[in-house]
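Engineer: To start, I am sharing the structure in question, which I have written as structure tokens.
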Amino acid sequence: MKKNVTQKLIESHLVKGTMTPGEEIGIRIDQTLTQDATGTMVMLELEAMDLDHVKTELSAQYVDHNLLETDFKNADDHIFLQDACSRFGVWFSRAGNGVSHPVHMECFGIPGKTLLGSDSHTPAAGSLGMLAIGAGGLEVALAMAKEPFYLIMPKVMGIKLTGKLPDWVSAKDVILELLRRYTVKGGVGWIFEYYGPGLKSLTAMDRHVIANMGAELGATTSVFPSDDAVKKFLEAHGRGNDFVELVADKGAEYDEYDGINLSELVPLIACPSSPDNVVPVRDVAGREIYQVMIGSSANPGFRDFAIAASMVDGKKVHSRVSFDVNPTSRKILDDLIQSGYLEKLVRSGARIHQAGCNGCIGMGQAPATGKISLRTVPRNFPGRSGTKEDAVYLCSPETAAASALQGVICDPRDLNLSYPKIKLPTKHTQTTDIVDKPSSTHKQPLEKGPNIKPLPTFNPLPEKMEGPVSIKVKNNVSTDEILPAGAKALPFRSNIPEISKFTFAQIDDTYYTRALQYQESGHFIIAGTNYGQGSSREHAVMAPRFLGVKAVIAKSYARIHWQNLANFGILALTFADKNDYDKVDQGDVLMINDVRGQLTRKGDIIVENKTKGYSFKTTHQLSDRQIEMILEGSVINLYKENKK
């Protein structure tokens, strides 16, 4: 049978199930990636699981999110993470080394391997011919303990690329075009695999841009072949020996097909406040801007900074515009210094920030209220920037730099400039020396600052659920809205009782006080379609669970959040008749009798609306494995029970 790249990757790592779309499968994980916003919880989970040493080929922990040390909290977390890495045998990338995804690509990415990361943009490594998937931290912790990673076998969408990108159009415009076509929920249940002659003009870092923001489609992951472009990238980073060719067989088939003629693309931009609100830049040209941000995991490559530097060379950005530049790795920052591009940026008026996620995750660089901020970041969900009433647009570095010069949104083709020709570095110094190799492990207790608290207790599923609807939310609610990032909330990532105070604060700042009344008795969340899209943060489940949420009833779920709910014992139900969503109101008291029995019998689960005196049917797509973890109260409880 002729196989595509996705099929080859899954088949070579399959340990449970069959590769039938819609069926649950288990795959072996070779590498894991954690970052500090989720990694502190992963390390606490490893401790709770009594793990002695990670059992993957390689696990790496990055400090790239919680970089602002405005008090002791983040600094304490960094010490804790370094100590835990020594304890469990994990590579450690300290603050300032850069964003996890490009650094992992530089140092550790290997074609043909699987990578599981506690960050939803982990699929960026698909640019190297890896099967790279984002997941909740608990699933990553289990993978580090050599447990299989379970997922629903996706279908594979073949995206044929033809032509060549014209001047002023780059990889960001490719993924924005796909978001325009498929929306933020169109990729749920799919892997997007890229093939065709158009690949020849895309570097490995161009592919990183596309694979990174495949997460915004809701896709399980994105996959590129490992070809000459990947070989050049690895050789430039002194890792040519890690290259393995991995391409689709001639005549390989896909479940569905689509295609993009790169030659026909124009500069695109995603308007507030969703990555799929995409229009041509010229449609919104002329709108006043106040901030431009270049850098992030979505546009992390040397060329993304160099192209902007070339455009502003010898010029000054508009006096109204804050021109923020976030280098994405220490090595790229060094390359920009050596090549002179950083000097061009500084002299144009750029503000140079430390290498890391920074404003992408709302960790500083928050824009002014209601003022337009153009960013090369992957997401513009409401309030994610750190400003509740924000106006964030997503665009390419070319569009960002052109607009910074003009002070208004500007199609770069309208500047009458010659398109800069960027020469990429052909050789970098070895980069693994910036990441600390695991030392010999030790079993002494982990060093924990006063803000680091143990995991809460997760009680088994009760026989009966009864409680009010504590909140009802609409479609496409993101994890940023359930549990925000930003400089206020992020420092509490290792303290569930404290971070729970921010739950749903973006939507209803009275939620915490209201939910706390029902912490012991329990309550429900009602949601629309694609509930929990965006970040993989399991805190968006753990905080509601801590506050007493027993079940969520939604029209549909985003993949990672749906699994996270099961991981921590929250029952994720789906309206059998979506019209029933409209009949349930916030404050209604719901009841599910014999919930354990109904769940075990696998039929419809009947929910009674006691306030309005009627019942409605719900369904679920939970596997036997997921049902077992919900009955036990969490996958940690199940893991420890199975170890006895």
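Residues are referred to by chain and number: the chain letter is A, B, ... according to the order shown in the structure tokens, the number counts from 1 in that chain, and ligands are numbered separately from 1 in the order shown.
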Leaving out Ile482 (chain A) and any residue of its chain fewer than 3 positions from it, which residues lie within 7 Å of it when counting only C-alpha atoms, given as an NGL selection string?
Structural biologist: :A and (478-479 or 503-504 or 540)
Engineer: Between region 121-189 of chain A and region 28-31 of chain A, at 8 Å or less, what are the per-residue closest atom pairs and their distances in Å? Count only C-alpha atoms, order by chain and rising residue number, and return it as JSON lines.
Structural biologist:
{"residue": "A:Ala143", "atom": "CA", "partner": "A:Ile29", "partner_atom": "CA", "distance": 6.3}
{"residue": "A:Lys146", "atom": "CA", "partner": "A:Ile29", "partner_atom": "CA", "distance": 7.5}
{"residue": "A:Glu147", "atom": "CA", "partner": "A:Arg28", "partner_atom": "CA", "distance": 7.6}
{"residue": "A:Pro148", "atom": "CA", "partner": "A:Arg28", "partner_atom": "CA", "distance": 5.2}
{"residue": "A:Phe149", "atom": "CA", "partner": "A:Arg28", "partner_atom": "CA", "distance": 6.6}
Engineer: Would you mind telling me which residue in A:Asn241, A:Ser127, A:Ser623, A:Thr220 lies nearest to Leu202 (chain A) when using only C-alpha atoms?
Structural biologist: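 Going through A:Asn241, A:Ser127, A:Ser623, A:Thr220 one by one, the smallest distance to Leu202 (chain A) is for A:Ser127.
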Engineer: Please tabulate, as a Markdown table, the residues of region 224-311 of chain A that come within 12 Å of region 472-476 of chain A, each with its closest pair of atoms and the distance in Å to one decimal, counting only C-alpha atoms and ordering rows by chain, then residue number upward.
Structural biologist:
| residue | atom | partner | partner_atom | distance |
| --- | --- | --- | --- | --- |
| A:Ser273 | CA | A:Asn476 | CA | 11.1 |
| A:Ser274 | CA | A:Asn476 | CA | 9.3 |
| A:Pro275 | CA | A:Asn476 | CA | 11.5 |
| A:Asp276 | CA | A:Asn476 | CA | 11.4 |
Engineer: Output all heavy atoms of each residue in that selection to a file, as a compact mmCIF listing (two decimals), in the first residue's frame.
Structural biologist:
# COMPACT_ATOMS: atom_id res chain seq x y z
N SER A 273 -11.80 39.40 16.38
CA SER A 273 -10.87 38.85 17.36
C SER A 273 -10.82 37.33 17.20
O SER A 273 -11.08 36.57 18.14
CB SER A 273 -11.34 39.18 18.78
OG SER A 273 -11.21 40.56 19.07
N SER A 274 -10.45 36.90 15.99
CA SER A 274 -10.32 35.47 15.72
C SER A 274 -9.35 35.26 14.57
O SER A 274 -9.36 36.04 13.60
CB SER A 274 -11.68 34.86 15.37
OG SER A 274 -11.54 33.47 15.12
N PRO A 275 -8.51 34.22 14.64
CA PRO A 275 -7.54 33.97 13.58
C PRO A 275 -8.17 33.67 12.22
O PRO A 275 -7.47 33.70 11.20
CB PRO A 275 -6.75 32.76 14.09
CG PRO A 275 -6.92 32.79 15.57
CD PRO A 275 -8.32 33.31 15.79
N ASP A 276 -9.46 33.36 12.19
CA ASP A 276 -10.10 33.04 10.91
C ASP A 276 -10.86 34.23 10.31
O ASP A 276 -11.49 34.10 9.25
CB ASP A 276 -11.02 31.83 11.03
CG ASP A 276 -12.16 32.04 12.04
OD1 ASP A 276 -12.28 33.15 12.59
OD2 ASP A 276 -12.91 31.08 12.28
Engineer: Write out as a VMD selection string which residues come within 9 Å of Pro484 (chain A) when counting only C-alpha atoms, dropping same-chain ones fewer than 6 positions away.
Structural biologist: chain A and resid 362 383 to 384 386 490 502 to 506 540
Engineer: As JSON, numbers by chain, list the residues of region 248-306 of chain A assigned to alpha helix (DSSP H) by DSSP on the backbone atoms of this structure.
Structural biologist: {"A": [281, 282, 283, 284, 302, 303, 304, 305, 306]}
Engineer: Next, dump the selected residues to file, keeping only N, CA, C and O atoms, as a tab-separated table (two decimals), in the first residue's frame.
Structural biologist:
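Result written to again_17.tsv:
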chain	number	residue	atom	x	y	z
A	281	VAL	N	-5.22	42.46	2.96
A	281	VAL	CA	-4.76	43.64	3.69
A	281	VAL	C	-5.36	44.91	3.10
A	281	VAL	O	-5.74	45.84	3.84
A	282	ARG	N	-5.49	44.97	1.78
A	282	ARG	CA	-6.01	46.18	1.15
A	282	ARG	C	-7.44	46.49	1.55
A	282	ARG	O	-7.88	47.64	1.46
A	283	ASP	N	-8.17	45.48	2.03
A	283	ASP	CA	-9.56	45.71	2.47
A	283	ASP	C	-9.63	46.56	3.74
A	283	ASP	O	-10.66	47.18	4.02
A	284	VAL	N	-8.56	46.53	4.54
A	284	VAL	CA	-8.58	47.28	5.80
A	284	VAL	C	-7.46	48.33	5.85
A	284	VAL	O	-7.18	48.90	6.91
A	302	PHE	N	14.83	33.56	11.27
A	302	PHE	CA	15.78	34.64	10.99
A	302	PHE	C	15.23	35.56	9.91
A	302	PHE	O	15.28	36.78	10.04
A	303	ARG	N	14.67	35.00	8.85
A	303	ARG	CA	14.19	35.83	7.74
A	303	ARG	C	13.03	36.71	8.16
A	303	ARG	O	12.85	37.80	7.62
A	304	ASP	N	12.24	36.30	9.14
A	304	ASP	CA	11.10	37.10	9.57
A	304	ASP	C	11.54	38.41	10.20
A	304	ASP	O	10.86	39.44	10.05
A	305	PHE	N	12.67	38.38	10.88
A	305	PHE	CA	13.23	39.61	11.45
A	305	PHE	C	14.04	40.37	10.41
A	305	PHE	O	14.01	41.60	10.35
A	306	ALA	N	14.79	39.62	9.60
A	306	ALA	CA	15.67	40.26	8.61
A	306	ALA	C	14.87	41.00	7.55
A	306	ALA	O	15.27	42.08	7.09
Engineer: Within 12 Å of region 61-75 of chain A, which residues of region 403-503 of chain A come that close, and what is the closest atom pair and distance in Å for each? Count only C-alpha atoms and give it as a tab-separated table.
Structural biologist:
residue	atom	partner	partner_atom	distance
A:Ile434	CA	A:Tyr62	CA	11.3
A:Val435	CA	A:Tyr62	CA	8.8
A:Asp436	CA	A:Gln61	CA	9.7
A:Lys437	CA	A:Gln61	CA	10.7
A:Pro438	CA	A:Gln61	CA	10.5
A:Lys448	CA	A:Lys73	CA	10.4
A:Gly449	CA	A:Lys73	CA	7.6
A:Pro450	CA	A:Lys73	CA	8.2
A:Asn451	CA	A:Lys73	CA	6.2
A:Ile452	CA	A:Lys73	CA	8.4
A:Lys453	CA	A:Lys73	CA	11.8
A:Ala485	CA	A:His65	CA	9.5
A:Gly486	CA	A:Asn66	CA	8.8
A:Ala487	CA	A:Leu68	CA	7.5
A:Lys488	CA	A:Thr70	CA	10.2
A:Ala489	CA	A:Asn66	CA	10.1
A:Leu490	CA	A:Asn66	CA	6.6
A:Pro491	CA	A:Asn74	CA	5.7
A:Phe492	CA	A:Lys73	CA	7.6
A:Arg493	CA	A:Asn66	CA	9.4
A:Ser494	CA	A:Lys73	CA	9.3
A:Asn495	CA	A:Lys73	CA	10.1
Engineer: Write to file, as a short mmCIF file (atom, residue, chain, number, x, y, z; two decimals), in the first residue's frame, the residues of the selection just made, with all heavy atoms.
Structural biologist:
data_model
loop_
_atom_site.label_atom_id
_atom_site.label_comp_id
_atom_site.auth_asym_id
_atom_site.auth_seq_id
_atom_site.Cartn_x
_atom_site.Cartn_y
_atom_site.Cartn_z
N ILE A 434 23.28 25.73 24.58
CA ILE A 434 22.50 26.72 25.32
C ILE A 434 21.43 26.07 26.18
O ILE A 434 20.81 26.72 27.02
CB ILE A 434 21.84 27.77 24.38
CG1 ILE A 434 20.71 27.15 23.56
CG2 ILE A 434 22.86 28.44 23.50
CD1 ILE A 434 19.87 28.18 22.82
N VAL A 435 21.20 24.78 25.99
CA VAL A 435 20.22 24.03 26.77
C VAL A 435 20.99 23.09 27.70
O VAL A 435 21.87 22.36 27.25
CB VAL A 435 19.26 23.24 25.87
CG1 VAL A 435 18.18 22.56 26.70
CG2 VAL A 435 18.63 24.15 24.83
N ASP A 436 20.66 23.11 28.97
CA ASP A 436 21.40 22.33 29.96
C ASP A 436 21.05 20.85 29.88
O ASP A 436 19.87 20.47 30.00
CB ASP A 436 21.11 22.85 31.37
CG ASP A 436 21.56 24.29 31.56
OD1 ASP A 436 22.46 24.72 30.83
OD2 ASP A 436 21.00 24.98 32.43
N LYS A 437 22.09 20.04 29.71
CA LYS A 437 21.91 18.59 29.65
C LYS A 437 21.53 18.07 31.03
O LYS A 437 22.01 18.59 32.05
CB LYS A 437 23.20 17.93 29.17
CG LYS A 437 23.08 16.45 28.88
CD LYS A 437 24.37 15.91 28.27
CE LYS A 437 24.23 14.44 27.92
NZ LYS A 437 25.46 13.91 27.27
N PRO A 438 20.66 17.05 31.08
CA PRO A 438 20.27 16.52 32.39
C PRO A 438 21.48 16.00 33.15
O PRO A 438 22.33 15.31 32.59
CB PRO A 438 19.30 15.39 32.06
CG PRO A 438 18.94 15.55 30.63
CD PRO A 438 20.01 16.35 29.97
N LYS A 448 10.61 24.01 46.40
CA LYS A 448 9.36 24.69 46.06
C LYS A 448 9.23 25.99 46.83
O LYS A 448 9.31 26.00 48.05
CB LYS A 448 8.15 23.79 46.38
CG LYS A 448 8.14 22.47 45.62
CD LYS A 448 7.01 21.58 46.11
CE LYS A 448 7.07 20.22 45.43
NZ LYS A 448 6.07 19.29 45.97
N GLY A 449 9.00 27.08 46.10
CA GLY A 449 8.73 28.36 46.73
C GLY A 449 7.33 28.38 47.32
O GLY A 449 6.53 27.46 47.09
N PRO A 450 7.00 29.42 48.06
CA PRO A 450 5.70 29.48 48.74
C PRO A 450 4.50 29.54 47.80
O PRO A 450 3.37 29.29 48.24
CB PRO A 450 5.80 30.77 49.57
CG PRO A 450 6.88 31.57 48.92
CD PRO A 450 7.86 30.59 48.36
N ASN A 451 4.71 29.87 46.53
CA ASN A 451 3.60 29.94 45.58
C ASN A 451 3.31 28.60 44.92
O ASN A 451 2.33 28.45 44.20
CB ASN A 451 3.91 30.99 44.51
CG ASN A 451 2.75 31.22 43.56
OD1 ASN A 451 1.62 31.42 43.98
ND2 ASN A 451 3.02 31.17 42.27
N ILE A 452 4.17 27.60 45.13
CA ILE A 452 4.00 26.29 44.50
C ILE A 452 3.24 25.38 45.45
O ILE A 452 3.71 25.04 46.53
CB ILE A 452 5.36 25.68 44.12
CG1 ILE A 452 6.08 26.61 43.13
CG2 ILE A 452 5.19 24.29 43.53
CD1 ILE A 452 7.50 26.17 42.80
N LYS A 453 2.05 25.01 45.03
CA LYS A 453 1.17 24.20 45.86
C LYS A 453 0.98 22.81 45.25
O LYS A 453 1.04 22.64 44.04
CB LYS A 453 -0.20 24.88 46.01
CG LYS A 453 -0.14 26.31 46.58
CD LYS A 453 0.46 26.34 47.97
CE LYS A 453 0.47 27.76 48.53
NZ LYS A 453 1.14 27.84 49.84
N ALA A 485 -4.28 34.05 30.27
CA ALA A 485 -2.83 34.13 30.46
C ALA A 485 -2.53 35.52 31.01
O ALA A 485 -3.33 36.11 31.71
CB ALA A 485 -2.13 33.86 29.14
N GLY A 486 -1.38 36.06 30.65
CA GLY A 486 -1.06 37.43 31.04
C GLY A 486 -0.28 37.52 32.34
O GLY A 486 -0.14 36.54 33.09
N ALA A 487 0.24 38.70 32.58
CA ALA A 487 1.15 38.93 33.70
C ALA A 487 0.48 38.76 35.06
O ALA A 487 1.16 38.51 36.06
CB ALA A 487 1.76 40.32 33.58
N LYS A 488 -0.84 38.91 35.14
CA LYS A 488 -1.52 38.77 36.42
C LYS A 488 -1.77 37.31 36.77
O LYS A 488 -1.55 36.88 37.90
CB LYS A 488 -2.85 39.52 36.41
CG LYS A 488 -2.70 41.04 36.37
CD LYS A 488 -4.07 41.71 36.41
CE LYS A 488 -3.93 43.23 36.39
NZ LYS A 488 -5.24 43.91 36.40
N ALA A 489 -2.23 36.51 35.79
CA ALA A 489 -2.63 35.14 36.08
C ALA A 489 -1.49 34.13 35.96
O ALA A 489 -1.39 33.19 36.76
CB ALA A 489 -3.77 34.73 35.14
N LEU A 490 -0.61 34.30 34.96
CA LEU A 490 0.41 33.29 34.68
C LEU A 490 1.29 32.93 35.89
O LEU A 490 1.64 31.76 36.05
CB LEU A 490 1.30 33.74 33.52
CG LEU A 490 0.78 33.44 32.10
CD1 LEU A 490 1.74 34.00 31.06
CD2 LEU A 490 0.59 31.96 31.89
N PRO A 491 1.67 33.88 36.73
CA PRO A 491 2.53 33.50 37.86
C PRO A 491 1.90 32.50 38.83
O PRO A 491 2.61 31.93 39.66
CB PRO A 491 2.80 34.85 38.55
CG PRO A 491 2.69 35.86 37.47
CD PRO A 491 1.55 35.35 36.62
N PHE A 492 0.59 32.28 38.73
CA PHE A 492 -0.07 31.34 39.62
C PHE A 492 -0.28 29.96 38.97
O PHE A 492 -1.09 29.18 39.46
CB PHE A 492 -1.43 31.91 40.08
CG PHE A 492 -1.30 33.14 40.93
CD1 PHE A 492 -1.63 34.39 40.42
CD2 PHE A 492 -0.85 33.05 42.23
CE1 PHE A 492 -1.52 35.53 41.20
CE2 PHE A 492 -0.73 34.19 43.03
CZ PHE A 492 -1.06 35.44 42.51
N ARG A 493 0.46 29.67 37.90
CA ARG A 493 0.26 28.39 37.21
C ARG A 493 0.55 27.19 38.10
O ARG A 493 0.08 26.10 37.84
CB ARG A 493 1.12 28.34 35.94
CG ARG A 493 0.60 29.21 34.81
CD ARG A 493 -0.83 28.81 34.45
NE ARG A 493 -1.38 29.63 33.41
CZ ARG A 493 -1.32 29.34 32.11
NH1 ARG A 493 -0.70 28.28 31.70
NH2 ARG A 493 -1.87 30.15 31.23
N SER A 494 1.37 27.36 39.14
CA SER A 494 1.67 26.24 40.04
C SER A 494 0.86 26.33 41.34
O SER A 494 1.19 25.68 42.32
CB SER A 494 3.17 26.23 40.36
OG SER A 494 3.60 27.50 40.81
N ASN A 495 -0.22 27.12 41.30
CA ASN A 495 -1.04 27.34 42.48
C ASN A 495 -2.51 27.36 42.06
O ASN A 495 -3.07 28.42 41.77
CB ASN A 495 -0.65 28.67 43.14
CG ASN A 495 -1.32 28.91 44.47
OD1 ASN A 495 -2.40 28.38 44.75
ND2 ASN A 495 -0.71 29.73 45.31
#
Engineer: May I have the residues within 9 Å of Asp604 (chain A) as a ChimeraX atom specification, using only C-alpha atoms and disregarding those fewer than 5 positions away in the same chain?
Structural biologist: /A:576,598-599,617-620
Engineer: Selection from above, C-alpha atoms, as an mmCIF file, in the first residue's frame, can you write it?
Structural biologist:
data_model
loop_
_atom_site.group_PDB
_atom_site.id
_atom_site.type_symbol
_atom_site.label_atom_id
_atom_site.label_comp_id
_atom_site.auth_asym_id
_atom_site.auth_seq_id
_atom_site.Cartn_x
_atom_site.Cartn_y
_atom_site.Cartn_z
ATOM 1 C CA ALA A 576 -28.160 15.304 21.423
ATOM 2 C CA GLN A 598 -25.594 5.779 32.680
ATOM 3 C CA LEU A 599 -21.984 6.438 31.718
ATOM 4 C CA LYS A 617 -30.769 13.871 26.104
ATOM 5 C CA THR A 618 -27.017 14.232 25.918
ATOM 6 C CA THR A 619 -24.410 12.028 24.293
ATOM 7 C CA HIS A 620 -20.664 11.570 24.619
#
Engineer: Determine, using only C-alpha atoms, which residues of region 95-176 of chain A have any atom at most 12 Å from an atom of region 410-420 of chain A, and tabulate each with its shortest atom pair and distance in Å to one decimal place, rows ordered by chain and then rising number, as a tab-separated table.
Structural biologist:
residue	atom	partner	partner_atom	distance
A:Pro166	CA	A:Tyr419	CA	9.8
A:Asp167	CA	A:Tyr419	CA	6.1
A:Trp168	CA	A:Pro412	CA	6.2
A:Val169	CA	A:Pro412	CA	8.8
A:Ser170	CA	A:Pro412	CA	11.4
Engineer: Name the residues in contact with region 174-191 of chain A at a cut-off of 7 Å, using only C-alpha atoms, excluding same-chain residues fewer than 4 positions from it; report them as a ChimeraX atom specification.
Structural biologist: /A:154-157,210,213,216-222,268,275-278,530,559
Engineer: Any chance you could list, as a ChimeraX atom specification, the residues in region 85-251 of chain A that come up strand (DSSP E) when DSSP is run on the backbone?
Structural biologist: /A:91-93,114-117,131-134,149-152,155-162,190-195,221-223
Engineer: Skipping near chain neighbours, those fewer than 3 positions away, what residues fall within 9 Å of Ala309 (chain A) using only C-alpha atoms, listed as a list in words?
Structural biologist: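 Once the adjacent positions are removed, what remains is Asp304, Phe305, Ala306, Val312, Asp313, Tyr341, Leu342, Glu343, Lys344, Leu345, Val346, Ser348 and Ala401 of chain A.
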Engineer: Would you mind listing what lies within 7 Å of region 257-265 of chain A as a PDB file with N, CA, C and O atoms, in the first residue's frame, with only C-alpha atoms counted and same-chain residues fewer than 2 positions away left out?
Structural biologist:
ATOM      1  N   MET A 157      -5.924  15.374   5.468  1.00  0.00           N
ATOM      2  CA  MET A 157      -6.226  16.308   4.386  1.00  0.00           C
ATOM      3  C   MET A 157      -4.930  16.585   3.614  1.00  0.00           C
ATOM      4  O   MET A 157      -3.959  17.073   4.190  1.00  0.00           O
ATOM      5  N   GLY A 158      -4.908  16.266   2.343  1.00  0.00           N
ATOM      6  CA  GLY A 158      -3.742  16.534   1.513  1.00  0.00           C
ATOM      7  C   GLY A 158      -3.840  17.922   0.901  1.00  0.00           C
ATOM      8  O   GLY A 158      -4.779  18.209   0.160  1.00  0.00           O
ATOM      9  N   ILE A 159      -2.875  18.785   1.226  1.00  0.00           N
ATOM     10  CA  ILE A 159      -2.853  20.152   0.688  1.00  0.00           C
ATOM     11  C   ILE A 159      -1.733  20.220  -0.353  1.00  0.00           C
ATOM     12  O   ILE A 159      -0.551  20.214   0.011  1.00  0.00           O
ATOM     13  N   LYS A 160      -2.095  20.283  -1.600  1.00  0.00           N
ATOM     14  CA  LYS A 160      -1.095  20.341  -2.667  1.00  0.00           C
ATOM     15  C   LYS A 160      -0.691  21.789  -2.906  1.00  0.00           C
ATOM     16  O   LYS A 160      -1.535  22.654  -3.188  1.00  0.00           O
ATOM     17  N   LEU A 161       0.596  22.050  -2.784  1.00  0.00           N
ATOM     18  CA  LEU A 161       1.128  23.389  -3.011  1.00  0.00           C
ATOM     19  C   LEU A 161       1.775  23.459  -4.383  1.00  0.00           C
ATOM     20  O   LEU A 161       2.617  22.617  -4.730  1.00  0.00           O
ATOM     21  N   THR A 162       1.366  24.431  -5.159  1.00  0.00           N
ATOM     22  CA  THR A 162       1.947  24.657  -6.478  1.00  0.00           C
ATOM     23  C   THR A 162       2.401  26.112  -6.568  1.00  0.00           C
ATOM     24  O   THR A 162       2.065  26.942  -5.733  1.00  0.00           O
ATOM     25  N   GLY A 163       3.156  26.427  -7.600  1.00  0.00           N
ATOM     26  CA  GLY A 163       3.593  27.794  -7.810  1.00  0.00           C
ATOM     27  C   GLY A 163       4.665  28.216  -6.818  1.00  0.00           C
ATOM     28  O   GLY A 163       5.293  27.395  -6.131  1.00  0.00           O
ATOM     29  N   LYS A 164       4.867  29.519  -6.706  1.00  0.00           N
ATOM     30  CA  LYS A 164       5.890  30.087  -5.840  1.00  0.00           C
ATOM     31  C   LYS A 164       5.382  31.401  -5.266  1.00  0.00           C
ATOM     32  O   LYS A 164       4.720  32.170  -5.961  1.00  0.00           O
ATOM     33  N   LEU A 165       5.674  31.652  -4.007  1.00  0.00           N
ATOM     34  CA  LEU A 165       5.196  32.876  -3.369  1.00  0.00           C
ATOM     35  C   LEU A 165       5.728  34.106  -4.093  1.00  0.00           C
ATOM     36  O   LEU A 165       6.941  34.219  -4.335  1.00  0.00           O
ATOM     37  N   PRO A 166       4.852  35.038  -4.433  1.00  0.00           N
ATOM     38  CA  PRO A 166       5.320  36.280  -5.064  1.00  0.00           C
ATOM     39  C   PRO A 166       5.978  37.203  -4.036  1.00  0.00           C
ATOM     40  O   PRO A 166       5.885  36.976  -2.826  1.00  0.00           O
ATOM     41  N   VAL A 169       4.662  38.424  -0.270  1.00  0.00           N
ATOM     42  CA  VAL A 169       3.777  37.398   0.274  1.00  0.00           C
ATOM     43  C   VAL A 169       4.668  36.323   0.890  1.00  0.00           C
ATOM     44  O   VAL A 169       5.677  35.931   0.294  1.00  0.00           O
ATOM     45  N   TYR A 254      -5.007  10.581  -0.001  1.00  0.00           N
ATOM     46  CA  TYR A 254      -5.463  11.301   1.189  1.00  0.00           C
ATOM     47  C   TYR A 254      -6.972  11.158   1.299  1.00  0.00           C
ATOM     48  O   TYR A 254      -7.660  10.851   0.321  1.00  0.00           O
ATOM     49  N   PRO A 267      -1.116  39.515   0.194  1.00  0.00           N
ATOM     50  CA  PRO A 267      -1.002  39.739   1.633  1.00  0.00           C
ATOM     51  C   PRO A 267      -2.372  39.705   2.323  1.00  0.00           C
ATOM     52  O   PRO A 267      -3.309  40.380   1.894  1.00  0.00           O
TER      53      PRO A 267
END
Engineer: Would you compute the distance between CA of Glu520 (chain A) and CA of Ile471 (chain A)? Give it in Å to one decimal.
Structural biologist: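 That distance, rounded to one decimal, is 16.8 Å.
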Engineer: Between A:Phe575, A:Tyr150, A:Phe568, A:Phe233, single out the one closest to Ile27 (chain A), counting only C-alpha atoms.
Structural biologist: A:Tyr150
